[in-house]
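To start, the structure under review is shown below, and the notes come after it.
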Amino acid sequence: MSIPVAILISGGGSNMVRLVESMTGDHPGRACLVLSNDPAAGGLQKAREMGIATAAVDHRAFKGDREGFEKALISEIDRAGAQVICLAGFMRILTPLFIGHYAGRMLNIHPSLLPKYRGLDTHARALAAGDSEAGCTVHEVTAELDDGPILGQAVVPIRPGDTPEALAARVQVREHELYPLVLRRFLSGERERIFLN
Ligand code: GAR
């Protein structure tokens, strides 16, 4: 029996596509739902084209009631039977209500080498700091923002003249390698960190 995985997105869903594509054959997981807080998220259409069930819970309808929004998300996720949650460019801050419900079974991808640059604008901050390398991290989600045990990281060299956009594009290439690899290992019970150079 494969493990049903829900993937939460807010935008174009390029990481989501890679995760869905990876879950075939002898992979321990299968995508059971792609869920967005934005009904217009481009990734929802891509998921439908791949034959994956989709849903949207528009956070704006909850007018700041974060827990009400999260209860609606939980209801969609649990109705789909998901056992593991992958946040893949899901741009809403989650409260302990949601995080506690999926404790130990929720992953996130973040576009920096955590613990550096939690939050937003990670690439601009790495460039402003004069860093020589950037990258991405997949970690377990805990109550602190962009915290939680690190499961994998990929390093991307910063080049002279890099812009945040150019760096983001190169980091995304590595995100697409790292996230499927970490998810497969996680679903197989593997918790040791991996590093891609
Ligand atoms: C990804 O680069 C991911 O690292 C980032 O959003 C992008 C989503 O792209 N996540 C965060 O910034 C989370 N704080 P995608 O929709 O094409 O996968």
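Ligands are numbered from 1 in the order shown, chains are lettered A, B, ... in the order of the structure tokens, and residues start at 1 in each chain.
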
Under the rule of at most 10 Å, produce a per-residue listing of chain A near ligand 1: chain, number, name, the closest pair of atoms, and the distance in Å, as a Markdown table, using only C-alpha atoms and all ligand atoms.
```
| residue | atom | partner | partner_atom_place_in_ligand_line | distance |
| --- | --- | --- | --- | --- |
| A:Leu8 | CA | ligand 1 | 16 (O) | 9.5 |
| A:Ile9 | CA | ligand 1 | 16 (O) | 6.3 |
| A:Ser10 | CA | ligand 1 | 16 (O) | 6.5 |
| A:Gly11 | CA | ligand 1 | 16 (O) | 4.6 |
| A:Gly12 | CA | ligand 1 | 16 (O) | 4.2 |
| A:Gly13 | CA | ligand 1 | 16 (O) | 3.4 |
| A:Ser14 | CA | ligand 1 | 17 (O) | 3.6 |
| A:Asn15 | CA | ligand 1 | 18 (O) | 3.7 |
| A:Met16 | CA | ligand 1 | 18 (O) | 5.8 |
| A:Val17 | CA | ligand 1 | 18 (O) | 7.9 |
| A:Arg18 | CA | ligand 1 | 18 (O) | 8.7 |
| A:Leu19 | CA | ligand 1 | 18 (O) | 9.7 |
| A:Ala41 | CA | ligand 1 | 16 (O) | 8.8 |
| A:Gly42 | CA | ligand 1 | 16 (O) | 8.4 |
| A:Gly43 | CA | ligand 1 | 16 (O) | 7.0 |
| A:Leu87 | CA | ligand 1 | 13 (C) | 8.0 |
| A:Ala88 | CA | ligand 1 | 18 (O) | 5.3 |
| A:Gly89 | CA | ligand 1 | 8 (C) | 3.6 |
| A:Phe90 | CA | ligand 1 | 13 (C) | 6.3 |
| A:Met91 | CA | ligand 1 | 13 (C) | 6.0 |
| A:Arg92 | CA | ligand 1 | 14 (N) | 8.5 |
| A:Ile93 | CA | ligand 1 | 14 (N) | 8.9 |
| A:Asn108 | CA | ligand 1 | 13 (C) | 7.4 |
| A:Ile109 | CA | ligand 1 | 4 (O) | 5.1 |
| A:His110 | CA | ligand 1 | 4 (O) | 4.3 |
| A:Pro111 | CA | ligand 1 | 4 (O) | 4.1 |
| A:Ser112 | CA | ligand 1 | 4 (O) | 7.8 |
| A:Tyr117 | CA | ligand 1 | 14 (N) | 9.9 |
| A:Arg118 | CA | ligand 1 | 14 (N) | 7.7 |
| A:Gly119 | CA | ligand 1 | 14 (N) | 5.8 |
| A:Leu120 | CA | ligand 1 | 12 (O) | 6.2 |
| A:Asp121 | CA | ligand 1 | 12 (O) | 7.9 |
| A:Thr122 | CA | ligand 1 | 12 (O) | 7.8 |
| A:His123 | CA | ligand 1 | 12 (O) | 9.9 |
| A:Gly135 | CA | ligand 1 | 4 (O) | 9.4 |
| A:Cys136 | CA | ligand 1 | 4 (O) | 6.8 |
| A:Thr137 | CA | ligand 1 | 4 (O) | 8.1 |
| A:Val138 | CA | ligand 1 | 4 (O) | 8.9 |
| A:Leu145 | CA | ligand 1 | 14 (N) | 8.8 |
| A:Asp146 | CA | ligand 1 | 14 (N) | 7.3 |
| A:Ala168 | CA | ligand 1 | 2 (O) | 6.9 |
| A:Ala169 | CA | ligand 1 | 2 (O) | 8.2 |
| A:Arg170 | CA | ligand 1 | 2 (O) | 9.9 |
| A:Val171 | CA | ligand 1 | 2 (O) | 7.4 |
| A:Gln172 | CA | ligand 1 | 2 (O) | 5.6 |
| A:Val173 | CA | ligand 1 | 2 (O) | 9.2 |
| A:Arg174 | CA | ligand 1 | 2 (O) | 9.7 |
| A:Glu175 | CA | ligand 1 | 4 (O) | 6.8 |
| A:His176 | CA | ligand 1 | 18 (O) | 8.3 |
| A:Tyr179 | CA | ligand 1 | 4 (O) | 9.7 |
```

Residues of segment 18-168 of chain A classed as strand (DSSP E or B) by DSSP on the backbone are to be reported as a ChimeraX atom specification. /A:29-36,54-56,84-87,106-110,133-140,150-157

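One finds atom CA of Ala82 of chain A at 12.0 Å from atom CA of His101 of chain A.
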
Would you mind listing what lies within 12 Å of Lys71 of chain A as a list of chain:residue names, with only C-alpha atoms counted and same-chain residues fewer than 3 positions away left out? A:Val57, A:His59, A:Phe62, A:Asp65, A:Arg66, A:Glu67, A:Gly68, A:Ile74, A:Ser75, A:Glu76, A:Ile77, A:Asp78, A:Arg79, A:Leu94, A:Thr95, A:Pro96, A:Leu97, A:Phe98, A:Ile99, A:His101

Filtering to N, CA, C and O atoms, could you give me those residues as a PDB file, in the first residue's frame?
```pdb
ATOM      1  N   VAL A  57      -8.779  26.403  -1.146  1.00  0.00           N
ATOM      2  CA  VAL A  57      -9.435  27.049  -0.010  1.00  0.00           C
ATOM      3  C   VAL A  57      -8.889  28.470   0.011  1.00  0.00           C
ATOM      4  O   VAL A  57      -7.724  28.675   0.357  1.00  0.00           O
ATOM      5  N   HIS A  59      -7.871  31.772   1.196  1.00  0.00           N
ATOM      6  CA  HIS A  59      -7.668  32.335   2.542  1.00  0.00           C
ATOM      7  C   HIS A  59      -8.373  33.676   2.710  1.00  0.00           C
ATOM      8  O   HIS A  59      -8.758  34.048   3.816  1.00  0.00           O
ATOM      9  N   PHE A  62     -11.634  34.073   4.581  1.00  0.00           N
ATOM     10  CA  PHE A  62     -11.653  33.896   6.049  1.00  0.00           C
ATOM     11  C   PHE A  62     -11.303  35.188   6.787  1.00  0.00           C
ATOM     12  O   PHE A  62     -11.334  35.209   8.014  1.00  0.00           O
ATOM     13  N   ASP A  65      -9.143  35.109   9.796  1.00  0.00           N
ATOM     14  CA  ASP A  65      -9.404  33.993  10.736  1.00  0.00           C
ATOM     15  C   ASP A  65      -8.522  32.807  10.320  1.00  0.00           C
ATOM     16  O   ASP A  65      -8.941  31.917   9.588  1.00  0.00           O
ATOM     17  N   ARG A  66      -7.275  32.823  10.812  1.00  0.00           N
ATOM     18  CA  ARG A  66      -6.299  31.816  10.378  1.00  0.00           C
ATOM     19  C   ARG A  66      -6.736  30.402  10.739  1.00  0.00           C
ATOM     20  O   ARG A  66      -6.546  29.462   9.976  1.00  0.00           O
ATOM     21  N   GLU A  67      -7.299  30.253  11.931  1.00  0.00           N
ATOM     22  CA  GLU A  67      -7.672  28.900  12.353  1.00  0.00           C
ATOM     23  C   GLU A  67      -8.862  28.382  11.544  1.00  0.00           C
ATOM     24  O   GLU A  67      -8.923  27.194  11.218  1.00  0.00           O
ATOM     25  N   GLY A  68      -9.790  29.302  11.214  1.00  0.00           N
ATOM     26  CA  GLY A  68     -10.918  28.893  10.366  1.00  0.00           C
ATOM     27  C   GLY A  68     -10.408  28.410   9.006  1.00  0.00           C
ATOM     28  O   GLY A  68     -10.850  27.377   8.479  1.00  0.00           O
ATOM     29  N   ILE A  74      -7.541  21.459   6.602  1.00  0.00           N
ATOM     30  CA  ILE A  74      -7.460  20.129   7.230  1.00  0.00           C
ATOM     31  C   ILE A  74      -8.594  19.245   6.728  1.00  0.00           C
ATOM     32  O   ILE A  74      -8.399  18.063   6.435  1.00  0.00           O
ATOM     33  N   SER A  75      -9.774  19.833   6.611  1.00  0.00           N
ATOM     34  CA  SER A  75     -10.905  19.022   6.169  1.00  0.00           C
ATOM     35  C   SER A  75     -10.681  18.486   4.743  1.00  0.00           C
ATOM     36  O   SER A  75     -10.949  17.313   4.451  1.00  0.00           O
ATOM     37  N   GLU A  76     -10.112  19.318   3.865  1.00  0.00           N
ATOM     38  CA  GLU A  76      -9.821  18.854   2.485  1.00  0.00           C
ATOM     39  C   GLU A  76      -8.735  17.772   2.498  1.00  0.00           C
ATOM     40  O   GLU A  76      -8.826  16.759   1.790  1.00  0.00           O
ATOM     41  N   ILE A  77      -7.703  18.006   3.286  1.00  0.00           N
ATOM     42  CA  ILE A  77      -6.558  17.081   3.306  1.00  0.00           C
ATOM     43  C   ILE A  77      -6.977  15.730   3.879  1.00  0.00           C
ATOM     44  O   ILE A  77      -6.650  14.661   3.334  1.00  0.00           O
ATOM     45  N   ASP A  78      -7.723  15.774   4.976  1.00  0.00           N
ATOM     46  CA  ASP A  78      -8.096  14.514   5.623  1.00  0.00           C
ATOM     47  C   ASP A  78      -9.145  13.766   4.803  1.00  0.00           C
ATOM     48  O   ASP A  78      -9.145  12.535   4.750  1.00  0.00           O
ATOM     49  N   ARG A  79     -10.010  14.522   4.125  1.00  0.00           N
ATOM     50  CA  ARG A  79     -10.996  13.874   3.245  1.00  0.00           C
ATOM     51  C   ARG A  79     -10.297  13.116   2.117  1.00  0.00           C
ATOM     52  O   ARG A  79     -10.750  12.059   1.681  1.00  0.00           O
ATOM     53  N   LEU A  94       1.576  29.150   8.900  1.00  0.00           N
ATOM     54  CA  LEU A  94       0.662  28.184   9.527  1.00  0.00           C
ATOM     55  C   LEU A  94       0.739  28.285  11.046  1.00  0.00           C
ATOM     56  O   LEU A  94       1.801  28.534  11.616  1.00  0.00           O
ATOM     57  N   THR A  95      -0.394  28.078  11.710  1.00  0.00           N
ATOM     58  CA  THR A  95      -0.432  28.171  13.174  1.00  0.00           C
ATOM     59  C   THR A  95      -0.212  26.775  13.780  1.00  0.00           C
ATOM     60  O   THR A  95      -0.264  25.750  13.086  1.00  0.00           O
ATOM     61  N   PRO A  96      -0.011  26.745  15.114  1.00  0.00           N
ATOM     62  CA  PRO A  96       0.154  25.443  15.779  1.00  0.00           C
ATOM     63  C   PRO A  96      -1.031  24.500  15.571  1.00  0.00           C
ATOM     64  O   PRO A  96      -0.865  23.280  15.647  1.00  0.00           O
ATOM     65  N   LEU A  97      -2.211  25.040  15.294  1.00  0.00           N
ATOM     66  CA  LEU A  97      -3.365  24.164  15.037  1.00  0.00           C
ATOM     67  C   LEU A  97      -3.071  23.224  13.873  1.00  0.00           C
ATOM     68  O   LEU A  97      -3.199  21.997  13.986  1.00  0.00           O
ATOM     69  N   PHE A  98      -2.647  23.787  12.768  1.00  0.00           N
ATOM     70  CA  PHE A  98      -2.382  23.002  11.557  1.00  0.00           C
ATOM     71  C   PHE A  98      -1.119  22.161  11.730  1.00  0.00           C
ATOM     72  O   PHE A  98      -1.093  20.965  11.419  1.00  0.00           O
ATOM     73  N   ILE A  99      -0.086  22.801  12.246  1.00  0.00           N
ATOM     74  CA  ILE A  99       1.209  22.114  12.362  1.00  0.00           C
ATOM     75  C   ILE A  99       1.093  20.931  13.320  1.00  0.00           C
ATOM     76  O   ILE A  99       1.616  19.842  13.059  1.00  0.00           O
ATOM     77  N   HIS A 101      -1.559  19.176  13.940  1.00  0.00           N
ATOM     78  CA  HIS A 101      -2.386  18.117  13.332  1.00  0.00           C
ATOM     79  C   HIS A 101      -1.539  17.173  12.473  1.00  0.00           C
ATOM     80  O   HIS A 101      -1.847  15.992  12.361  1.00  0.00           O
TER      81      HIS A 101
END
```

Excluding Arg30 of chain A and residues on its chain fewer than 5 positions from it, collect all residues at most 6 Å away from it, counting only C-alpha atoms, and give them as a PyMOL selection string. chain A and resi 4-5+23

Can you check which residues of segment 17-145 of chain A DSSP gives as alpha helix (DSSP H) on the backbone and send them as number ranges by chain? A: 17-22, 42-49, 66-79, 96-101, 122-128

Would you please work out which residue, of A:Pro28, A:Pro149, A:Ile85, A:Ala6, is nearest to Ile52 of chain A when using only C-alpha atoms? A:Ala6

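Counting only C-alpha atoms, the residue from A:Val84, A:Ala128, A:Val34, A:Leu114 that sits nearest to Leu187 of chain A is A:Val84.
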
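Once Ala124 of chain A and its same-chain neighbours fewer than 5 positions away are set aside, Ala129, Thr163, Pro164, Glu165 and Leu167 of chain A remain within 9 Å of it when counting only C-alpha atoms.
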
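Excluding Ala55 of chain A itself and same-chain residues fewer than 2 positions from it, the residues having an atom within 9 Å of it are Leu33, Val34, Leu35, Ser36, Asn37, Pro39, Leu44, Ala53, Val57 and Glu76 of chain A, counting only C-alpha atoms.
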
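Those residues that approach Asp26 of chain A to within 12 Å, counting only C-alpha atoms, are Met1, Ser2, Ile3, Arg184, Leu187 and Ser188 of chain A; same-chain residues fewer than 5 positions away are not listed.
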